[in-house]
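As structure tokens, the structure follows; a few thoughts come after it.
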Amino acid sequence: MADEALLSEPAAWRVTAAAASSGSPLPDVPPPPPASPPGSTGSTGSPVSTGSLANTGSPANDSSPAKADEATGGSPAKADEASGGSRRRTGVDPVKALMHRHRELCERAVDALEIAAGLEAHGVTDRTAARFRHRDVFSLAEEMYARVPRDSDIEPETRHAVSEAARGRRPVWAALALLPGTLGALTLVGLDLTGGRLRLAVGAGGVLAVSAALRAALRRGPLRATAHTVPATRAWTCWLLAYALFGDGLLSGAVAGGPDEAWAPATAPLLALALAVAPGVWCAQLFGAVARRRLASSRGLEEFAASVRPLLLAVFALFLCALWTLIGVAAAVLGEAAPYAGAGTLGALLLLARLLTAHGRAHAPAVVLGAAAAAEVLAVCTVFAGRLPGCGFLAVPVETAVDTWGPGTVPGLACGAAALTLLVHAARTLTRASAHAPTDTAP
């Protein structure tokens with residue numbers, strides 16, 4: 001038992017015992033350290049061992065615990081804090097990295113929905129959000145919005161000012177939507193009451209006035225363009241409107257072997273389209289407002305798309321009902337045949353093209369409008385080309401369609417196919433959260 005106790009003591013105390021038994025003078029030995037309970041830790045947080053105390057006299061080993069204590073001020077808490085800080089510095093915060101990547105989006109966002117729409121526009125899906133430990137893009141956007149530093153005293157005032165300005169501008173664009181139809185009706189009245197050069201001047205002035213009113217109505221409100229409009233879009237739109245005014249008469253005369261004389265323009269389609277600007281703007285406002293509310297209540301991109309797609313179809317059907325009613329009224333007032341096929345499909349095509357442009361999708365409308373205009377030009381050209389020797393077969397499809405269903409078949413098929421294409425495209429793009437991202441200026 002004595003031997004075991006001696007072996008269990010530190011080396012310095014064994015030297016003292018040996019010197020005492022031999023009768024030699026005792027060396028200077030430091031006092032023994034206080035006893036510590038089993039499992040206790042030293043200054044570095046590691047258990048005390050016999051080997052570590054026995055090797056305290058080694059120069060190679062003196063530096064490690066001493067320097068560790070010296071670096072941390074001799075405090076175990078500081079040592080733990082230092083080691084934890086190093087672990088935190090080496091750790092990666094994926095959400096912070098994502099915020100840095102989309103720093104401008106996070107800084108200018110007025111709410112979490114705008115961040116969610118921006119992330120979705122950059123290709124972030126719910127599956128991508130799962131890698132950031134979030135169930136969907138919306139919850140990821142909420143964390144990103146919450147972690148962006150803001151001045152809570154200034155932000156509510158800014159939002160209040162924007163909302164007040166939006167309420168102040170809302171009656172303006174709602175009234176501007178009525179101007180094209182009103183000026184168009186006044187122009188037709190002026191043309192009916194005048195003649196000669198005065199009538200020509202009234203017609204030219206009316207076209208300029210309606211164009212200016214239409215431009216003003218589309219520069220404000222829910223149909224204002226948020227993306228750069230392709231210049232060719234205006235050219236194709238002007239051609240389609242010109243065909244609605246003169247195309248049916250030209251095609252009828254060409255099929256009959258002429259035209260041998262000037263034909264009367266069809267004013268009912270243009271009047272109906274001018275009057276349809278107001279319901280088109282109001283339907284666009286309804287679609288945007290309801291879609292933004294559903295964006296706020298949705299908890300996933302798929303859920304939002306599934307709720308907005310029926311809304312888009314319902315609003316589009318509502319506009320078609322209003323447009324067809326206006327076509328019938330305009331045709332009855334002017335004493336013309338109601339061009340439901342031509343004017344109806346053209347109005348649907350123009351609404352979808354402008355709705356896509358207003359939500360930042362300007363390329364597809366330009367391409368589809370150009371295709372519709374090219375189809376109408378091709379139809380007229382094939383009729384005239386069929387008069388060449390040996391080329392009569394070129395005019396057979398168009399002549400058959402005009403003889404069977406009337407001259408409105410050509411614009412009906414061209415604009416109808418284009419409108420259906422844009423409707424499918426709108427059902428894919430306008431049901432995304434990125435298409436309804438809040439803007440800095442209210443409509």
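For the structure tokens, the naming scheme is as follows: chains receive sequential letters (A, B, ...) according to their order of presentation, residues are indexed from 1 within each chain, and ligands are indexed from 1 in presentation order.
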*Please provide as JSON, numbers by chain all residues within 10 Å of segment 187-194 of chain A, with the sequence filter that same-chain residues fewer than 5 positions apart are discarded (counting only C-alpha atoms).*
{"A": [181, 182, 199, 200, 201, 202, 203, 204, 205, 206, 207, 209, 210, 267, 268, 271, 334]}
*For Leu346 of chain A: contacts at 8 Å, only C-alpha atoms, fewer than 5 positions along chain excluded, given as a count of residues only*: 6
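Considering only C-alpha atoms, the residue among A:Leu270, A:Leu251, A:Ala372, A:Val137 positioned nearest to Glu303 of chain A is A:Val137.
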*Record the distance separating atom CA of Ala385 of chain A and atom CA of Trp263 of chain A, expressed in Å with one decimal.*
20.9 Å
*Which parts of segment 139-375 of chain A does DSSP call helix (DSSP H, G or I) when run on the backbone here, written out as a ChimeraX atom specification?*
/A:139-147,155-176,179-193,196-219,221-223,231-255,267-275,277-297,301-334,340-358,363-375
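Between atom CA of Gly247 of chain A and atom CA of Ala212 of chain A there is a distance of 23.8 Å.
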_Using Å and a single decimal, report how far atom CA of Trp324 of chain A sits from atom CA of Ala305 of chain A._
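Going from atom CA of Ala305 of chain A over to atom CA of Trp324 of chain A, I get 28.6 Å.
Distance annotation: of A:Val255, A:Leu326, A:Ala414, A:Ala341, the residue with the minimal separation from Gly392 of chain A is A:Val255; atom set is only C-alpha atoms.
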*Of the residues A:Gly280, A:Gly118, A:Pro222, A:Pro407, which is the one nearest to Thr357 of chain A, using only C-alpha atoms?*
A:Pro222
*asked:* I want to know what sits within 9 Å of Ala274 of chain A, based on only C-alpha atoms, with residues of the same chain fewer than 6 positions away left out; could you give that as a ChimeraX atom specification?
replied: /A:178-185,210,214
Using the selection just defined, write its residues with N, CA, C and O atoms as a compact mmCIF listing (two decimals), in the first residue's frame.
```txt
# COMPACT_ATOMS: atom_id res chain seq x y z
N LEU A 178 -61.08 56.62 -70.15
CA LEU A 178 -62.30 56.94 -70.88
C LEU A 178 -62.06 57.87 -72.06
O LEU A 178 -62.94 58.02 -72.91
N LEU A 179 -60.90 58.51 -72.11
CA LEU A 179 -60.65 59.51 -73.15
C LEU A 179 -60.61 58.93 -74.57
O LEU A 179 -61.19 59.53 -75.49
N PRO A 180 -59.91 57.81 -74.84
CA PRO A 180 -59.87 57.32 -76.23
C PRO A 180 -61.25 57.05 -76.80
O PRO A 180 -61.55 57.44 -77.95
N GLY A 181 -62.12 56.39 -76.06
CA GLY A 181 -63.45 56.12 -76.56
C GLY A 181 -64.28 57.39 -76.76
O GLY A 181 -65.01 57.53 -77.75
N THR A 182 -64.15 58.32 -75.81
CA THR A 182 -64.91 59.57 -75.92
C THR A 182 -64.47 60.36 -77.14
O THR A 182 -65.30 60.85 -77.93
N LEU A 183 -63.16 60.53 -77.32
CA LEU A 183 -62.66 61.28 -78.47
C LEU A 183 -62.94 60.56 -79.78
O LEU A 183 -63.20 61.21 -80.82
N GLY A 184 -62.92 59.23 -79.77
CA GLY A 184 -63.27 58.50 -80.97
C GLY A 184 -64.72 58.71 -81.37
O GLY A 184 -65.02 58.88 -82.57
N ALA A 185 -65.62 58.70 -80.42
CA ALA A 185 -67.02 58.95 -80.72
C ALA A 185 -67.23 60.37 -81.22
O ALA A 185 -67.99 60.59 -82.20
N VAL A 210 -57.09 60.90 -80.60
CA VAL A 210 -57.28 59.56 -80.03
C VAL A 210 -55.93 58.91 -79.72
O VAL A 210 -55.77 58.24 -78.68
N LEU A 214 -54.81 57.77 -76.07
CA LEU A 214 -54.42 56.37 -75.81
C LEU A 214 -53.03 56.30 -75.20
O LEU A 214 -52.78 55.51 -74.27
```
